[in-house]
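K.L.:
Below: one structure in structure tokens.
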Amino acid sequence: MPAKPIDHQAAILSAFAHDPDMQDLIVAFVNELPARISRIGRDIERADRQAVQRLAHQLKGAAGGYGFHSITEAAAALEARAEAVDSPAAVQAAFAELAGLCRRASAAAPGAS
Amino acid sequence: MTLSNRHVLIADDDPFVMRLLEKFLREEGYEVSTAPDGRAAMTIVLDRAPPIIIADWVMPGMDGIELCKALRAHEGVRFAYVIMVTAHHEPGRLVSAFAAGADDFIAKPVYRQELLARVRAGERICRLEEDLAQRTREMCRLSAETTVANRKLAELNGRLVQMASTDDLTGLLNRREALKRLDALWEIRNRYGTTFSCLTLDIDHFKRINDTSGHPAGDAVLRQLAVIIRAQLRATDLACRMGGEEFLVLLPETTIEGGAACAEKLRKAIDIHAFRYEGHIHAVAVSVGVAGPGPVTASPEDLLHDADAALYQSKANGRNRVTIASHPAVTVGEGAARSPSGTRRPMGEPAC
């Protein structure tokens with residue numbers, strides 16, 4: 001079987017997707033991701049670094065537990081950018097990475113469009 | 001308030017982290033309470049005292065570290081095992097969590113198996129703490145009981161000692177104590193070359209009071225007599241009831257002449273006193289013998305014997321008088337002149 005090319009648009013599945021016990025929780029988490037991302041986006045626009053830091057920190061802590069390690073890592077990167085008071089562009093780039101991953105996670109969720 | 005042992009409190013500001021932890025724990029049969037921040041957690045702690053607390057480090061308002069410190073400062077209700085949860089991984093964080101009083105540390109993401117293993121470890125510690133607290137309470141209770149019992153025992157012992165040395169009827173020293181004190185005075189005299197004297201008193205015709213007015217009247221006379229004797233004596237003198245109507249007075253640092261003066265004072269005080277009992281007045285007199293340790297006195301028993309012999313002489317000479325023991329005895333007081341020879345009466349012969 002030929003190796004699949006890396007698809008940056010492909011849906012991201014939770015590491016616990018095979019665990020039927022976790023299904024409902026994962027769905028609820030994933031469905032809440034767009035709201036989290038838009039809150040962070042709004043705080044970036046308002047240049048409220050502390051709020052960005054806090055929300056990124058929360059997401060970092062939560063995502064891994066739901067089996068989304070890539071989101072945890074991206075959230076950690078954004079948190080670090082916001083904490084280091086990096087250039088808005090650097091913060092923006094980290095945010096874009098995170099937002100992309102969250103969209104892909106949402107895309108995999110049942111009921112997601 | 002019943003405190004559940006399988007009650008876990010989760011304090012985390014992220015509802016999704018909370019939901020995850022809650023699910024893991026509920027599936028294992030734990031009762032779970034949740035709080036979005038440290039302050040809300042503290043309220044639950046004070047109300048329900050959950051034994052295990054899982055606290056997020058970063059929370060708005062009161063964070064995990066402050067919660068931990070507050071818990072440790074408020075360990076009144078019950079020991080709580082605190083597991084600090086954080087997304088940070090630096091060793092410095094870990095150190096400050098333990099310094100604040102955390103018992104364990106768990107890094108996000110939190111996995112089911114790790115969480116449950118750490119909670120179970122916490123339960124083990126809680127059981128030990130509970131055991132220890134139980135034993136400590138038990139020991140405190142026993143210690144308090146022992147203290148109370150010891151105090152009662154000491155009081156009782158004090159009363160027993162008092163009872164063992166006191167004559168019930170008159171409150172004077174009893175015979176046993178009198179002989180002990182006499183021995184002590186004897187020893188002090190031998191060691192320091194001091195002197196002392198002793199008086200034996202016997203109520204004249206006491207049997208008549210008992211026979212005509214009854215024993216309660218006799219007892220009343222004995223009690224009143226004890227009061228008079230005590231009133232006449234100095235604080236260092238010792239008044240004792242040797243039995244029946246017989247009394248002994250020990251006068252430390254007093255020569256036989258001083259003893260005779262004291263005896264005469266006592267005799268007069270008793271002679272002029274109106275002994276009242278149930279409307280009747282009884283005339284009571286005493287015969288007294290005075291003795292002090294001399295060169296030929298070999299023992300305290302000898303001395304008592306001398307005093308008794310002098311007392312016997314007072315009786316023989318007409319009663320209500322004082323006789324100083326000497327060889328031969330010298331009678332003073334009321335009927336002083338007639339002094340027959342021989343101060344020693346045969347052993348066992350009554351003195352009155």
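All residue names refer to the structure tokens as shown: chains lettered A, B, ... in order, residues numbered from 1 in each chain, ligands numbered from 1 in order.
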Sorted by chain and rising residue number, list the residues of stretch 31-72 of chain A at most 8 Å from stretch 3-21 of chain B (counting only C-alpha atoms), each with its closest atom pair and distance in Å to one decimal, as a tab-separated table.
P.N.:
```
residue	atom	partner	partner_atom	distance
A:Gln58	CA	B:Asp14	CA	6.2
A:Gly61	CA	B:Val17	CA	7.3
A:Ala62	CA	B:Val17	CA	5.1
A:Gly65	CA	B:Val17	CA	7.2
A:Tyr66	CA	B:Leu20	CA	7.8
```
K.L.:
Excluding B:Arg241 and residues on its chain fewer than 3 positions from it, collect all residues at most 8 Å away from it, counting only C-alpha atoms, and give them as a PyMOL selection string.
P.N.:
chain B and resi 167+170+172-175+244-248
K.L.:
Would you mind reading off the distance between atom CA of B:Gly64 and atom CA of B:Arg26, one decimal, in Å?
P.N.:
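So the two atoms, atom CA of B:Gly64 and atom CA of B:Arg26, lie 22.3 Å apart.
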K.L.:
Pick out the chain A residues within 10 Å of chain B. Count only C-alpha atoms. Give them as a list of chain:residue names.
P.N.:
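Residues of chain A within 10 Å of chain B, counting only C-alpha atoms: A:Asp21, A:Met22, A:Leu25, A:Ile26, A:Ala28, A:Phe29, A:Glu32, A:Arg54, A:Leu55, A:His57, A:Gln58, A:Leu59, A:Lys60, A:Gly61, A:Ala62, A:Ala63, A:Gly64, A:Gly65, A:Tyr66, A:Gly67, A:Phe68, A:His69, A:Thr72, A:Ala76.
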K.L.:
Separation of atom CA of B:Gly38 and atom CA of B:Leu94, in Å?
P.N.:
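Here the two named atoms are 18.6 Å from each other.
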K.L.:
From stretch 100-320 of chain B, collect each residue whose DSSP state is strand (DSSP E or B) and return the set as a ChimeraX atom specification.
P.N.:
/B:104-107,166,173,196-203,238-243,246-252,274-277,280-283,286-291
K.L.:
Go ahead and dump the residues you just picked, C-alpha atoms, as a PDB file, in the first residue's frame.
P.N.:
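Output (part_14.pdb):
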```pdb
ATOM      1  CA  ASP B 104       0.801  14.218  44.975  1.00  0.00           C
ATOM      2  CA  PHE B 105       1.206  15.787  41.589  1.00  0.00           C
ATOM      3  CA  ILE B 106      -0.319  14.811  38.274  1.00  0.00           C
ATOM      4  CA  ALA B 107       0.477  16.349  34.896  1.00  0.00           C
ATOM      5  CA  THR B 166      -6.835  11.079 112.769  1.00  0.00           C
ATOM      6  CA  LEU B 173      -4.260  12.714 116.044  1.00  0.00           C
ATOM      7  CA  PHE B 196      10.352  18.018 124.773  1.00  0.00           C
ATOM      8  CA  SER B 197       7.735  16.979 127.215  1.00  0.00           C
ATOM      9  CA  CYS B 198       4.576  14.947 127.124  1.00  0.00           C
ATOM     10  CA  LEU B 199       1.348  15.000 129.050  1.00  0.00           C
ATOM     11  CA  THR B 200      -1.087  12.152 129.495  1.00  0.00           C
ATOM     12  CA  LEU B 201      -4.588  13.269 130.374  1.00  0.00           C
ATOM     13  CA  ASP B 202      -7.429  11.120 131.552  1.00  0.00           C
ATOM     14  CA  ILE B 203     -10.972  12.280 132.254  1.00  0.00           C
ATOM     15  CA  LEU B 238       0.383  18.032 119.224  1.00  0.00           C
ATOM     16  CA  ALA B 239      -2.870  16.839 120.768  1.00  0.00           C
ATOM     17  CA  CYS B 240      -3.757  13.174 120.431  1.00  0.00           C
ATOM     18  CA  ARG B 241      -6.520  10.881 121.576  1.00  0.00           C
ATOM     19  CA  MET B 242      -4.995   7.601 122.650  1.00  0.00           C
ATOM     20  CA  GLY B 243      -8.318   5.813 123.084  1.00  0.00           C
ATOM     21  CA  GLU B 246      -7.231   9.110 127.424  1.00  0.00           C
ATOM     22  CA  PHE B 247      -5.297  11.896 125.707  1.00  0.00           C
ATOM     23  CA  LEU B 248      -1.660  12.584 124.997  1.00  0.00           C
ATOM     24  CA  VAL B 249      -0.170  16.033 124.427  1.00  0.00           C
ATOM     25  CA  LEU B 250       3.313  16.356 122.955  1.00  0.00           C
ATOM     26  CA  LEU B 251       5.125  19.647 123.530  1.00  0.00           C
ATOM     27  CA  PRO B 252       8.231  20.083 121.357  1.00  0.00           C
ATOM     28  CA  ALA B 274     -19.303  23.834 131.451  1.00  0.00           C
ATOM     29  CA  PHE B 275     -19.750  20.838 129.176  1.00  0.00           C
ATOM     30  CA  ARG B 276     -23.230  21.130 127.706  1.00  0.00           C
ATOM     31  CA  TYR B 277     -25.137  18.365 126.062  1.00  0.00           C
ATOM     32  CA  HIS B 280     -27.484  19.211 130.697  1.00  0.00           C
ATOM     33  CA  ILE B 281     -24.268  20.585 132.059  1.00  0.00           C
ATOM     34  CA  HIS B 282     -21.582  18.085 132.952  1.00  0.00           C
ATOM     35  CA  ALA B 283     -18.722  18.890 135.286  1.00  0.00           C
ATOM     36  CA  VAL B 286      -8.927  15.596 134.196  1.00  0.00           C
ATOM     37  CA  SER B 287      -5.966  14.037 135.900  1.00  0.00           C
ATOM     38  CA  VAL B 288      -2.673  14.712 134.204  1.00  0.00           C
ATOM     39  CA  GLY B 289       0.768  13.168 134.215  1.00  0.00           C
ATOM     40  CA  VAL B 290       3.754  15.138 132.962  1.00  0.00           C
ATOM     41  CA  ALA B 291       7.019  13.581 131.823  1.00  0.00           C
TER      42      ALA B 291
END
```
K.L.:
Please identify all polymer residues within 10 Å of B:Val119, counting only C-alpha atoms, omitting same-chain residues fewer than 6 positions from it, and present them as a PyMOL selection string.
P.N.:
chain B and resi 6+8+25+52-54+81-83+104+113+125
K.L.:
Just give me the gap between atom CA of B:Leu185 and atom CA of B:Glu253 in Å, one decimal is fine.
P.N.:
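Calculated distance between atom CA of B:Leu185 and atom CA of B:Glu253 is 9.3 Å.
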K.L.:
May I have all residues of stretch 39-149 of chain B that DSSP, computed from the backbone, assigns to helix (DSSP H, G or I), given as a ChimeraX atom specification?
P.N.:
/B:39-48,64-73,91-99,112-149
K.L.:
How would the residues just picked look written out with C-alpha atoms as a PDB file, in the first residue's frame?
P.N.:
```
ATOM      1  CA  ARG B  39     -12.951  29.348  46.843  1.00  0.00           C
ATOM      2  CA  ALA B  40     -15.869  27.138  45.797  1.00  0.00           C
ATOM      3  CA  ALA B  41     -13.701  24.117  46.592  1.00  0.00           C
ATOM      4  CA  MET B  42     -13.000  25.441  50.088  1.00  0.00           C
ATOM      5  CA  THR B  43     -16.743  25.802  50.721  1.00  0.00           C
ATOM      6  CA  ILE B  44     -17.264  22.142  49.832  1.00  0.00           C
ATOM      7  CA  VAL B  45     -14.298  21.137  51.997  1.00  0.00           C
ATOM      8  CA  LEU B  46     -15.728  22.922  55.009  1.00  0.00           C
ATOM      9  CA  ASP B  47     -19.166  21.453  54.390  1.00  0.00           C
ATOM     10  CA  ARG B  48     -18.453  17.874  53.346  1.00  0.00           C
ATOM     11  CA  GLY B  64      -4.553  25.391  43.459  1.00  0.00           C
ATOM     12  CA  ILE B  65      -1.559  26.473  45.520  1.00  0.00           C
ATOM     13  CA  GLU B  66      -3.619  28.950  47.568  1.00  0.00           C
ATOM     14  CA  LEU B  67      -6.309  26.306  48.013  1.00  0.00           C
ATOM     15  CA  CYS B  68      -3.663  23.880  49.222  1.00  0.00           C
ATOM     16  CA  LYS B  69      -2.280  26.372  51.725  1.00  0.00           C
ATOM     17  CA  ALA B  70      -5.785  27.243  52.942  1.00  0.00           C
ATOM     18  CA  LEU B  71      -6.538  23.543  53.395  1.00  0.00           C
ATOM     19  CA  ARG B  72      -3.411  22.918  55.389  1.00  0.00           C
ATOM     20  CA  ALA B  73      -4.095  25.946  57.553  1.00  0.00           C
ATOM     21  CA  PRO B  91      10.480  20.686  38.295  1.00  0.00           C
ATOM     22  CA  GLY B  92      10.268  24.054  40.066  1.00  0.00           C
ATOM     23  CA  ARG B  93       6.482  23.891  39.881  1.00  0.00           C
ATOM     24  CA  LEU B  94       6.495  20.484  41.415  1.00  0.00           C
ATOM     25  CA  VAL B  95       8.581  21.667  44.328  1.00  0.00           C
ATOM     26  CA  SER B  96       6.295  24.613  45.084  1.00  0.00           C
ATOM     27  CA  ALA B  97       3.223  22.359  44.909  1.00  0.00           C
ATOM     28  CA  PHE B  98       4.675  20.049  47.551  1.00  0.00           C
ATOM     29  CA  ALA B  99       5.875  23.014  49.585  1.00  0.00           C
ATOM     30  CA  ARG B 112      -7.648   7.355  33.425  1.00  0.00           C
ATOM     31  CA  GLN B 113      -5.303   4.662  34.738  1.00  0.00           C
ATOM     32  CA  GLU B 114      -2.833   7.134  36.197  1.00  0.00           C
ATOM     33  CA  LEU B 115      -5.583   9.172  37.833  1.00  0.00           C
ATOM     34  CA  LEU B 116      -7.203   6.139  39.432  1.00  0.00           C
ATOM     35  CA  ALA B 117      -3.863   4.760  40.606  1.00  0.00           C
ATOM     36  CA  ARG B 118      -3.020   8.050  42.288  1.00  0.00           C
ATOM     37  CA  VAL B 119      -6.471   8.361  43.859  1.00  0.00           C
ATOM     38  CA  ARG B 120      -6.172   4.820  45.225  1.00  0.00           C
ATOM     39  CA  ALA B 121      -2.765   5.685  46.682  1.00  0.00           C
ATOM     40  CA  GLY B 122      -4.429   8.717  48.257  1.00  0.00           C
ATOM     41  CA  GLU B 123      -7.122   6.512  49.760  1.00  0.00           C
ATOM     42  CA  ARG B 124      -4.446   4.345  51.357  1.00  0.00           C
ATOM     43  CA  ILE B 125      -2.882   7.415  52.958  1.00  0.00           C
ATOM     44  CA  CYS B 126      -6.303   8.663  54.068  1.00  0.00           C
ATOM     45  CA  ARG B 127      -7.023   5.357  55.757  1.00  0.00           C
ATOM     46  CA  LEU B 128      -3.705   5.545  57.581  1.00  0.00           C
ATOM     47  CA  GLU B 129      -4.396   9.133  58.592  1.00  0.00           C
ATOM     48  CA  GLU B 130      -7.873   8.193  59.770  1.00  0.00           C
ATOM     49  CA  ASP B 131      -6.403   5.294  61.747  1.00  0.00           C
ATOM     50  CA  LEU B 132      -3.812   7.555  63.277  1.00  0.00           C
ATOM     51  CA  ALA B 133      -6.385  10.217  64.127  1.00  0.00           C
ATOM     52  CA  GLN B 134      -8.576   7.530  65.689  1.00  0.00           C
ATOM     53  CA  ARG B 135      -5.697   6.250  67.794  1.00  0.00           C
ATOM     54  CA  THR B 136      -4.667   9.751  68.760  1.00  0.00           C
ATOM     55  CA  ARG B 137      -8.233  10.528  69.844  1.00  0.00           C
ATOM     56  CA  GLU B 138      -8.343   7.286  71.785  1.00  0.00           C
ATOM     57  CA  MET B 139      -5.038   8.095  73.449  1.00  0.00           C
ATOM     58  CA  CYS B 140      -6.162  11.622  74.306  1.00  0.00           C
ATOM     59  CA  ARG B 141      -9.342  10.206  75.806  1.00  0.00           C
ATOM     60  CA  LEU B 142      -7.432   7.626  77.830  1.00  0.00           C
ATOM     61  CA  SER B 143      -4.926  10.212  78.923  1.00  0.00           C
ATOM     62  CA  ALA B 144      -7.714  12.543  80.045  1.00  0.00           C
ATOM     63  CA  GLU B 145      -9.430   9.692  81.877  1.00  0.00           C
ATOM     64  CA  THR B 146      -6.158   8.744  83.526  1.00  0.00           C
ATOM     65  CA  THR B 147      -5.587  12.317  84.627  1.00  0.00           C
ATOM     66  CA  VAL B 148      -9.039  12.461  86.199  1.00  0.00           C
ATOM     67  CA  ALA B 149      -8.607   9.047  87.804  1.00  0.00           C
TER      68      ALA B 149
END
```
K.L.:
Tell me, as number ranges by chain, which residues lie within 9 Å of A:Leu33, counting only C-alpha atoms; anything in the same chain fewer than 2 positions away does not count.
P.N.:
A: 28-31, 35-38, 59, 99, 102-103, 105-106
K.L.:
Compile the contact shell of A:Ala82 as a VMD selection string: residues with an atom at most 7 Å away, counting only C-alpha atoms, same-chain residues fewer than 4 positions apart removed.
P.N.:
chain A and resid 49 52 to 53 78 86 91
K.L.:
Write a file of the just-selected residues containing C-alpha atoms, as an mmCIF file, in the first residue's frame.
P.N.:
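Dumped everything to again-v1.cif:
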```cif
data_model
loop_
_atom_site.group_PDB
_atom_site.id
_atom_site.type_symbol
_atom_site.label_atom_id
_atom_site.label_comp_id
_atom_site.auth_asym_id
_atom_site.auth_seq_id
_atom_site.Cartn_x
_atom_site.Cartn_y
_atom_site.Cartn_z
ATOM 1 C CA ARG A 49 -2.423 38.479 26.073
ATOM 2 C CA VAL A 52 -5.071 34.362 25.405
ATOM 3 C CA GLN A 53 -2.543 32.758 27.692
ATOM 4 C CA LEU A 78 0.380 29.651 21.609
ATOM 5 C CA ASP A 86 6.232 37.765 21.052
ATOM 6 C CA VAL A 91 1.083 34.905 18.188
#
```
K.L.:
Residues at most 7 Å from stretch 226-228 of chain B, counting only C-alpha atoms, excluding those fewer than 4 positions away in the same chain, as a PyMOL selection string?
P.N.:
chain B and resi 170+222+232+270
K.L.:
What's around B:Gly294 at 10 Å? Count only C-alpha atoms, leave out sequence neighbours fewer than 2 positions away in its own chain, and write the answer as a VMD selection string.
P.N.:
chain B and resid 195 256 291 to 292 296 to 298 303 326
K.L.:
Using only C-alpha atoms, find the one residue out of B:Gly171, B:Glu22, B:Ile324, B:Asn190 that sits nearest to B:Thr34.
P.N.:
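Between B:Gly171, B:Glu22, B:Ile324, B:Asn190, the residue approaching B:Thr34 most closely is B:Glu22.
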K.L.:
Let me make sure I understand: among A:Ile12, A:Leu101, A:Ile44, A:Ala56, which one has the smallest atom-to-atom distance to A:Ala89 if we use only C-alpha atoms?
P.N.:
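So, comparing all the options, the nearest one is A:Ile44.
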